[in-house]
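> Sharing final-v1.pdb (PDB, C-alpha atoms) below.
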MODEL        1
ATOM      1  CA  MET J   1     115.501  29.747 159.070
ATOM      2  CA  GLU J   2     117.085  26.497 160.166
ATOM      3  CA  PRO J   3     120.857  26.344 159.493
ATOM      4  CA  LEU J   4     121.910  23.719 156.948
ATOM      5  CA  PRO J   5     123.536  20.572 158.268
ATOM      6  CA  LEU J   6     127.347  20.542 157.926
ATOM      7  CA  GLY J   7     127.423  17.874 155.181
ATOM      8  CA  ASP J   8     125.042  19.831 152.950
ATOM      9  CA  LEU J   9     127.011  23.009 153.476
ATOM     10  CA  VAL J  10     130.218  21.292 152.315
ATOM     11  CA  SER J  11     128.619  19.853 149.180
ATOM     12  CA  VAL J  12     127.066  23.208 148.264
ATOM     13  CA  ARG J  13     130.474  24.756 148.668
ATOM     14  CA  VAL J  14     132.036  22.113 146.384
ATOM     15  CA  VAL J  15     129.423  22.715 143.698
ATOM     16  CA  VAL J  16     129.818  26.493 143.815
ATOM     17  CA  ARG J  17     133.598  26.273 143.794
ATOM     18  CA  THR J  18     133.729  23.809 140.911
ATOM     19  CA  PHE J  19     131.328  25.962 138.911
ATOM     20  CA  SER J  20     133.382  29.097 139.454
ATOM     21  CA  GLU J  21     136.586  27.279 138.608
ATOM     22  CA  LEU J  22     135.030  26.100 135.349
ATOM     23  CA  CYS J  23     133.977  29.669 134.549
ATOM     24  CA  VAL J  24     137.483  30.969 135.194
ATOM     25  CA  THR J  25     138.886  28.192 132.984
ATOM     26  CA  VAL J  26     136.518  28.952 130.114
ATOM     27  CA  GLY J  27     137.354  32.657 130.415
ATOM     28  CA  THR J  28     141.062  31.903 130.275
ATOM     29  CA  VAL J  29     140.613  29.724 127.189
ATOM     30  CA  ILE J  30     138.660  32.507 125.466
ATOM     31  CA  VAL J  31     141.395  35.039 126.236
ATOM     32  CA  LEU J  32     143.986  32.598 124.906
ATOM     33  CA  PHE J  33     141.917  32.125 121.751
ATOM     34  CA  VAL J  34     141.807  35.881 121.179
ATOM     35  CA  VAL J  35     145.583  35.986 121.604
ATOM     36  CA  TYR J  36     145.838  33.155 119.094
ATOM     37  CA  VAL J  37     143.628  34.835 116.486
ATOM     38  CA  LEU J  38     144.999  38.366 116.827
ATOM     39  CA  PHE J  39     148.644  37.652 117.467
ATOM     40  CA  TRP J  40     149.706  34.075 116.908
ATOM     41  CA  THR J  41     148.175  33.667 113.425
ATOM     42  CA  GLY J  42     150.178  36.751 112.413
ATOM     43  CA  VAL J  43     153.410  35.290 113.750
ATOM     44  CA  LYS J  44     152.742  32.035 111.932
ATOM     45  CA  ALA J  45     151.739  33.764 108.699
ATOM     46  CA  ASP J  46     154.790  36.043 108.689
ATOM     47  CA  THR J  47     157.030  33.015 109.051
ATOM     48  CA  ALA J  48     155.122  31.131 106.355
ATOM     49  CA  MET J  49     155.211  34.088 103.944
ATOM     50  CA  ASP J  50     158.935  34.665 104.438
ATOM     51  CA  ASP J  51     159.387  30.978 103.828
ATOM     52  CA  GLN J  52     157.369  31.109 100.576
ATOM     53  CA  ILE J  53     159.359  34.110  99.321
ATOM     54  CA  ALA J  54     162.611  32.361 100.198
ATOM     55  CA  GLN J  55     161.423  29.289  98.274
ATOM     56  CA  LEU J  56     160.631  31.432  95.246
ATOM     57  CA  GLN J  57     163.947  33.224  95.342
ATOM     58  CA  GLU J  58     165.802  29.956  95.548
ATOM     59  CA  GLN J  59     163.774  28.609  92.626
ATOM     60  CA  TRP J  60     164.457  31.733  90.581
ATOM     61  CA  SER J  61     168.161  31.805  91.312
ATOM     62  CA  LYS J  62     168.392  28.216  90.126
ATOM     63  CA  GLY J  63     166.037  28.170  87.162
ATOM     64  CA  SER J  64     165.572  31.641  85.812
ATOM     65  CA  VAL J  65     168.742  31.838  83.779
ATOM     66  CA  ALA J  66     168.542  28.411  82.198
ATOM     67  CA  ALA J  67     164.909  27.775  81.439
ATOM     68  CA  GLY J  68     162.890  30.794  82.412
ATOM     69  CA  PRO J  69     159.913  30.539  84.730
ATOM     70  CA  LYS J  70     158.382  27.630  82.869
ATOM     71  CA  GLU J  71     160.760  25.005  84.139
ATOM     72  CA  PRO J  72     159.781  24.910  87.831
ATOM     73  CA  ARG J  73     156.077  24.778  87.129
ATOM     74  CA  SER J  74     156.024  22.455  84.151
ATOM     75  CA  THR J  75     154.332  19.629  86.062
ATOM     76  CA  GLY J  76     151.279  21.627  87.140
ATOM     77  CA  THR J  77     148.116  19.566  87.044
ATOM     78  CA  ASP J  78     145.616  22.399  87.262
ATOM     79  CA  ALA J  79     142.740  22.575  84.885
ATOM     80  CA  PRO J  80     143.265  25.457  82.501
ATOM     81  CA  GLY J  81     139.920  26.839  83.627
ATOM     82  CA  THR J  82     138.615  29.805  81.759
ATOM     83  CA  SER J  83     142.020  31.262  81.115
ATOM     84  CA  SER J  84     141.445  33.363  78.099
ATOM     85  CA  GLY J  85     145.041  33.640  77.007
ATOM     86  CA  THR J  86     145.583  32.334  73.537
ATOM     87  CA  SER J  87     148.937  33.933  72.943
ATOM     88  CA  PRO J  88     151.556  31.456  71.725
ATOM     89  CA  ASP J  89     153.851  32.085  74.699
ATOM     90  CA  GLU J  90     151.294  31.278  77.367
ATOM     91  CA  PRO J  91     153.170  29.946  80.399
ATOM     92  CA  ALA J  92     152.584  26.559  81.979
ATOM     93  CA  PRO J  93     149.849  26.369  84.631
ATOM     94  CA  TYR J  94     150.761  27.194  88.205
ATOM     95  CA  LYS J  95     150.992  24.402  90.762
ATOM     96  CA  ASN J  96     148.124  24.436  93.217
ATOM     97  CA  GLY J  97     149.118  25.754  96.648
ATOM     98  CA  LYS J  98     152.598  26.770  95.477
ATOM     99  CA  PRO J  99     153.990  30.316  95.259
ATOM    100  CA  PHE J 100     154.736  31.746  91.825
ATOM    101  CA  ALA J 101     155.094  35.509  92.293
ATOM    102  CA  VAL J 102     155.739  38.276  94.787
ATOM    103  CA  MET J 103     153.419  41.274  95.022
ATOM    104  CA  TYR J 104     154.448  44.786  96.067
ATOM    105  CA  ILE J 105     151.978  47.579  96.818
ATOM    106  CA  PRO J 106     153.836  50.756  97.814
ATOM    107  CA  ARG J 107     150.608  52.341  99.132
ATOM    108  CA  LEU J 108     150.351  49.622 101.789
ATOM    109  CA  GLY J 109     153.903  50.277 102.915
ATOM    110  CA  PHE J 110     157.256  50.658 101.220
ATOM    111  CA  THR J 111     158.366  47.283 102.546
ATOM    112  CA  TRP J 112     155.005  45.592 101.945
ATOM    113  CA  ASN J 113     155.585  42.483  99.894
ATOM    114  CA  LYS J 114     153.691  39.204  99.916
ATOM    115  CA  PRO J 115     153.975  35.920  98.062
ATOM    116  CA  VAL J 116     151.181  34.994  95.664
ATOM    117  CA  LEU J 117     150.167  31.348  95.721
ATOM    118  CA  GLU J 118     147.993  29.379  93.339
ATOM    119  CA  GLY J 119     144.455  28.756  94.591
ATOM    120  CA  THR J 120     142.256  30.373  97.198
ATOM    121  CA  ARG J 121     141.803  27.543  99.679
ATOM    122  CA  THR J 122     141.887  28.441 103.370
ATOM    123  CA  SER J 123     145.173  26.642 103.884
ATOM    124  CA  THR J 124     146.728  28.464 100.934
ATOM    125  CA  LEU J 125     145.637  31.892 102.157
ATOM    126  CA  LYS J 126     147.416  31.259 105.440
ATOM    127  CA  LYS J 127     150.726  31.357 103.588
ATOM    128  CA  GLY J 128     150.189  34.368 101.360
ATOM    129  CA  LEU J 129     147.829  35.874  98.827
ATOM    130  CA  GLY J 130     145.821  33.467  96.701
ATOM    131  CA  HIS J 131     145.376  33.581  92.928
ATOM    132  CA  TYR J 132     141.922  32.488  91.751
ATOM    133  CA  ALA J 133     142.780  29.371  89.780
ATOM    134  CA  SER J 134     140.065  30.025  87.210
ATOM    135  CA  THR J 135     141.416  33.435  86.225
ATOM    136  CA  ALA J 136     144.167  34.542  83.861
ATOM    137  CA  GLN J 137     147.848  34.152  84.645
ATOM    138  CA  LEU J 138     150.142  36.982  85.611
ATOM    139  CA  GLY J 139     150.577  39.471  82.782
ATOM    140  CA  GLN J 140     148.388  37.467  80.401
ATOM    141  CA  PRO J 141     145.270  38.747  78.620
ATOM    142  CA  GLY J 142     142.260  38.443  80.907
ATOM    143  CA  ASN J 143     141.849  39.107  84.584
ATOM    144  CA  PHE J 144     144.533  38.095  87.080
ATOM    145  CA  ALA J 145     142.509  37.901  90.325
ATOM    146  CA  VAL J 146     144.039  37.664  93.796
ATOM    147  CA  ALA J 147     142.433  37.306  97.236
ATOM    148  CA  GLY J 148     143.993  38.099 100.596
ATOM    149  CA  HIS J 149     143.200  38.324 104.292
ATOM    150  CA  ARG J 150     142.094  41.689 105.591
ATOM    151  CA  ARG J 151     142.605  40.655 109.204
ATOM    152  CA  THR J 152     144.403  37.764 110.913
ATOM    153  CA  TYR J 153     147.192  35.792 109.285
ATOM    154  CA  GLY J 154     149.500  38.760 109.037
ATOM    155  CA  ASP J 155     146.764  41.272 108.057
ATOM    156  CA  PRO J 156     148.088  41.566 104.463
ATOM    157  CA  PHE J 157     145.174  43.685 103.183
ATOM    158  CA  LYS J 158     144.504  45.622 106.387
ATOM    159  CA  ASP J 159     144.870  48.994 104.631
ATOM    160  CA  PHE J 160     142.930  47.923 101.540
ATOM    161  CA  PRO J 161     140.471  50.887 101.769
ATOM    162  CA  ARG J 162     143.416  53.292 101.367
ATOM    163  CA  LEU J 163     144.051  52.125  97.805
ATOM    164  CA  ARG J 164     143.287  54.826  95.256
ATOM    165  CA  PRO J 165     143.209  55.157  91.474
ATOM    166  CA  GLY J 166     146.735  55.602  90.176
ATOM    167  CA  ASP J 167     148.362  53.450  92.854
ATOM    168  CA  SER J 168     150.670  50.803  91.504
ATOM    169  CA  VAL J 169     150.558  47.087  92.186
ATOM    170  CA  VAL J 170     153.849  45.524  91.189
ATOM    171  CA  LEU J 171     154.423  41.811  90.726
ATOM    172  CA  THR J 172     157.389  39.748  89.722
ATOM    173  CA  ASP J 173     157.529  36.132  88.628
ATOM    174  CA  GLY J 174     161.316  35.949  88.641
ATOM    175  CA  THR J 175     161.791  36.904  84.993
ATOM    176  CA  SER J 176     159.684  40.043  84.595
ATOM    177  CA  TRP J 177     158.290  42.941  86.565
ATOM    178  CA  PHE J 178     154.611  43.664  85.973
ATOM    179  CA  THR J 179     153.314  47.066  87.026
ATOM    180  CA  TYR J 180     149.539  47.307  87.284
ATOM    181  CA  ARG J 181     147.838  50.646  87.800
ATOM    182  CA  ILE J 182     144.703  50.810  89.980
ATOM    183  CA  ASP J 183     141.728  52.398  88.217
ATOM    184  CA  THR J 184     138.962  52.292  90.833
ATOM    185  CA  LYS J 185     138.344  53.139  94.442
ATOM    186  CA  PRO J 186     137.654  50.067  96.590
ATOM    187  CA  TYR J 187     134.287  48.755  95.463
ATOM    188  CA  LYS J 188     132.018  47.102  98.015
ATOM    189  CA  THR J 189     130.019  44.121  96.857
ATOM    190  CA  LEU J 190     128.416  40.881  97.992
ATOM    191  CA  PRO J 191     130.314  37.609  98.357
ATOM    192  CA  SER J 192     128.156  36.039  95.651
ATOM    193  CA  ASP J 193     129.153  38.666  93.056
ATOM    194  CA  ILE J 194     131.598  36.494  91.152
ATOM    195  CA  ALA J 195     131.353  38.734  88.079
ATOM    196  CA  VAL J 196     134.011  40.967  89.669
ATOM    197  CA  ILE J 197     136.688  38.478  88.608
ATOM    198  CA  ASP J 198     135.395  38.115  85.041
ATOM    199  CA  PRO J 199     137.911  38.707  82.240
ATOM    200  CA  VAL J 200     136.232  42.088  81.722
ATOM    201  CA  PRO J 201     134.553  42.890  85.057
ATOM    202  CA  LYS J 202     131.273  44.717  84.513
ATOM    203  CA  LYS J 203     131.425  47.246  87.353
ATOM    204  CA  SER J 204     135.060  48.108  86.760
ATOM    205  CA  GLY J 205     134.400  50.520  83.934
ATOM    206  CA  TYR J 206     136.510  48.498  81.514
ATOM    207  CA  THR J 207     134.769  47.950  78.216
ATOM    208  CA  ARG J 208     137.309  46.067  76.157
ATOM    209  CA  ALA J 209     139.350  42.924  76.733
ATOM    210  CA  GLY J 210     142.725  43.659  78.280
ATOM    211  CA  ARG J 211     145.248  42.587  80.875
ATOM    212  CA  TYR J 212     143.585  43.333  84.190
ATOM    213  CA  LEU J 213     144.179  42.651  87.858
ATOM    214  CA  THR J 214     141.554  42.238  90.578
ATOM    215  CA  LEU J 215     142.216  42.237  94.307
ATOM    216  CA  THR J 216     139.563  40.982  96.724
ATOM    217  CA  THR J 217     139.345  40.959 100.509
ATOM    218  CA  CYS J 218     136.640  40.926 103.152
ATOM    219  CA  GLU J 219     134.487  43.824 104.315
ATOM    220  CA  PRO J 220     133.852  44.909 107.050
ATOM    221  CA  GLU J 221     137.277  44.550 108.534
ATOM    222  CA  TRP J 222     136.306  41.844 111.024
ATOM    223  CA  GLY J 223     133.257  40.519 109.227
ATOM    224  CA  HIS J 224     132.321  38.544 106.165
ATOM    225  CA  SER J 225     129.078  40.039 104.935
ATOM    226  CA  HIS J 226     130.671  41.875 102.000
ATOM    227  CA  ARG J 227     133.820  42.011  99.893
ATOM    228  CA  LEU J 228     136.050  44.892  98.836
ATOM    229  CA  ILE J 229     137.359  44.896  95.278
ATOM    230  CA  VAL J 230     139.837  47.009  93.337
ATOM    231  CA  TRP J 231     140.654  46.732  89.658
ATOM    232  CA  ALA J 232     143.847  47.608  87.858
ATOM    233  CA  HIS J 233     145.216  47.371  84.335
ATOM    234  CA  LEU J 234     148.673  46.308  83.205
ATOM    235  CA  ASP J 235     150.673  49.480  82.774
ATOM    236  CA  SER J 236     154.147  48.258  81.958
ATOM    237  CA  THR J 237     156.339  45.192  81.878
ATOM    238  CA  GLN J 238     160.076  44.932  82.060
ATOM    239  CA  PRO J 239     162.589  42.115  82.462
ATOM    240  CA  VAL J 240     164.144  41.707  85.902
ATOM    241  CA  GLU J 241     167.547  42.474  84.417
ATOM    242  CA  ALA J 242     166.328  46.028  83.809
ATOM    243  CA  GLY J 243     166.079  46.587  87.558
ATOM    244  CA  LYS J 244     163.158  47.504  89.765
ATOM    245  CA  PRO J 245     160.284  49.340  88.116
ATOM    246  CA  GLU J 246     159.761  53.020  88.757
ATOM    247  CA  ALA J 247     157.024  52.447  91.335
ATOM    248  CA  LEU J 248     159.372  50.617  93.708
ATOM    249  CA  ARG J 249     162.243  53.066  93.541
ATOM    250  CA  ARG J 250     162.788  55.772  96.054
TER     251      ARG J 250
ATOM    252  CA  MET H   1     138.401  20.844 140.691
ATOM    253  CA  TYR H   2     141.834  22.444 140.920
ATOM    254  CA  GLY H   3     141.982  21.621 144.634
ATOM    255  CA  PHE H   4     141.236  18.011 143.750
ATOM    256  CA  ILE H   5     144.046  17.919 141.186
ATOM    257  CA  TRP H   6     146.441  19.608 143.593
ATOM    258  CA  ARG H   7     145.704  17.072 146.310
ATOM    259  CA  HIS H   8     146.337  14.164 143.968
ATOM    260  CA  LEU H   9     149.670  15.400 142.652
ATOM    261  CA  PRO H  10     152.613  13.558 144.194
ATOM    262  CA  GLY H  11     155.514  15.079 146.095
ATOM    263  CA  ASN H  12     155.916  18.172 148.245
ATOM    264  CA  THR H  13     154.667  21.658 147.436
ATOM    265  CA  TRP H  14     157.552  22.510 145.095
ATOM    266  CA  ILE H  15     157.183  19.365 143.056
ATOM    267  CA  LYS H  16     153.430  19.884 142.922
ATOM    268  CA  ALA H  17     153.973  23.438 141.703
ATOM    269  CA  LEU H  18     156.395  22.237 139.043
ATOM    270  CA  ILE H  19     154.028  19.533 137.819
ATOM    271  CA  SER H  20     151.176  22.055 137.750
ATOM    272  CA  LEU H  21     153.245  24.403 135.623
ATOM    273  CA  VAL H  22     154.058  21.599 133.185
ATOM    274  CA  LEU H  23     150.379  20.640 133.029
ATOM    275  CA  VAL H  24     149.341  24.236 132.315
ATOM    276  CA  LEU H  25     151.953  24.568 129.564
ATOM    277  CA  ALA H  26     150.846  21.263 128.057
ATOM    278  CA  ALA H  27     147.236  22.473 128.037
ATOM    279  CA  VAL H  28     148.221  25.730 126.311
ATOM    280  CA  TYR H  29     150.290  23.797 123.756
ATOM    281  CA  VAL H  30     147.399  21.477 122.927
ATOM    282  CA  LEU H  31     145.071  24.474 122.581
ATOM    283  CA  PHE H  32     147.405  26.416 120.256
ATOM    284  CA  GLN H  33     148.502  23.432 118.238
ATOM    285  CA  TYR H  34     145.278  21.501 117.784
ATOM    286  CA  VAL H  35     142.147  23.113 119.231
ATOM    287  CA  PHE H  36     142.507  26.715 118.011
ATOM    288  CA  PRO H  37     143.590  25.858 114.441
ATOM    289  CA  TRP H  38     140.453  23.747 114.255
ATOM    290  CA  ALA H  39     138.194  26.433 115.734
ATOM    291  CA  GLU H  40     139.616  29.462 113.924
ATOM    292  CA  PRO H  41     138.190  28.690 110.422
ATOM    293  CA  LEU H  42     134.718  28.735 112.010
ATOM    294  CA  LEU H  43     135.174  32.492 112.457
ATOM    295  CA  PRO H  44     134.436  34.787 109.499
ATOM    296  CA  PHE H  45     137.968  36.135 108.933
ATOM    297  CA  ASN H  46     138.753  33.533 106.277
ATOM    298  CA  ASP H  47     136.056  34.584 103.847
ATOM    299  CA  VAL H  48     138.006  36.842 101.524
ATOM    300  CA  THR H  49     137.058  35.404  98.145
ATOM    301  CA  VAL H  50     134.032  36.181  96.027
ATOM    302  CA  ASP H  51     133.098  32.642  95.103
ATOM    303  CA  ASN H  52     133.930  30.773  98.326
ATOM    304  CA  GLN H  53     136.201  28.382  96.513
TER     305      GLN H  53
ENDMDL
END
Go through the file and emit its structure as structure tokens.


Amino acid sequence: MEPLPLGDLVSVRVVVRTFSELCVTVGTVIVLFVVYVLFWTGVKADTAMDDQIAQLQEQWSKGSVAAGPKEPRSTGTDAPGTSSGTSPDEPAPYKNGKPFAVMYIPRLGFTWNKPVLEGTRTSTLKKGLGHYASTAQLGQPGNFAVAGHRRTYGDPFKDFPRLRPGDSVVLTDGTSWFTYRIDTKPYKTLPSDIAVIDPVPKKSGYTRAGRYLTLTTCEPEWGHSHRLIVWAHLDSTQPVEAGKPEALRR
Amino acid sequence: MYGFIWRHLPGNTWIKALISLVLVLAAVYVLFQYVFPWAEPLLPFNDVTVDNQ
């Protein structure tokens, strides 16, 4: 075989080198992206969630004594949706994208606590758990439904499959503690199954209207083909002045 | 590609190295601040609701 002329050899070398450098660059970007998804979103979400809880606590320390929880959310512009509450003391609608409660689930960790924000938009779920705007308000008759990330953005519902009947889900809106009691094992369903957040969800085993809670997250852990659901009913309510509910004491 | 950039950076080796470092950090910043936040919602980890609101 005839050896290549020098000029050709150099240009082949340039092409091969540039190609390999591009491959190395793409590989590096992919590794950085994995770092971003697995680690950096968690750092950002933890900061954002702490920030939301701090906001809430400031709001509560200012407003809770004078006007109750209604004052800070009185200008909400949300549509009332299908909220089934007809009780005379129904609170004002929550403000879209704003925090209104803190959730505690001892089963997910004694220090596990996350802010609950109004709405389930992607940007909202980066800052905490999201309340389905069309469902009942906290502690009201109907179904208070909340969605959260299983993975990424702080992994709030990473241990969702460990939830069991009898576990408590405790929420506070600054004036009251609401203790919900889980009644079902995590139920796997399809993303299109919106009946799971109905006021009386069919598959939950509940037959009568009541004050329920639904939690939803994705299934499998890193996928999006299904959803995991648990249902709970309101077990007890107490004012914040009465101290932490039983489930959070140790 | 990188050889080309290196040859066109001004100054001696140390200054070139310093500029390269700054360029790399700038690239990582742009990726984390703008490119990845745009790309991440295209992955399935955001689908946690039942009605895709």

> Chain J residues within 8 Å of chain H, counting all atoms listed in the file: which ones, as number ranges by chain?

J: 17-18, 21, 33, 36-37, 120-122, 147-152, 190-194, 196, 216-218, 222-224, 227

> Which residues come within 6 Å of Phe144 in chain J, counting all atoms listed in the file, excluding same-chain residues fewer than 4 positions away, as a ChimeraX atom specification?

/J:135-138,213

> Around (154.7, 38.4, 103.6), as given in the file, which residues come within 10 Å? Count all atoms listed in the file and list them as a ChimeraX atom specification.

/J:45-53,102-104,111-116,127-129,153-156

> Mind checking which residues fall within 10 Å of Gln238 in chain J, counting all atoms listed in the file, ignoring those fewer than 6 positions away in the same chain, and posting them as a list of chain:residue names?

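Once the adjacent positions are removed, what remains is J:Thr172, J:Thr175, J:Ser176, J:Trp177, J:Phe178, J:Thr179, J:Lys244, J:Pro245.
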
> For CA of Pro161 in chain J and CA of Tyr94 in chain J, determine how far apart the two atoms are, in Å to one decimal place.

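One can read the CA of Pro161 in chain J to CA of Tyr94 in chain J distance as 29.2 Å.
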
> Could you work out how far CA of Ser61 in chain J lies from CA of Leu171 in chain J, giving the answer in Å with one decimal?

17.0 Å
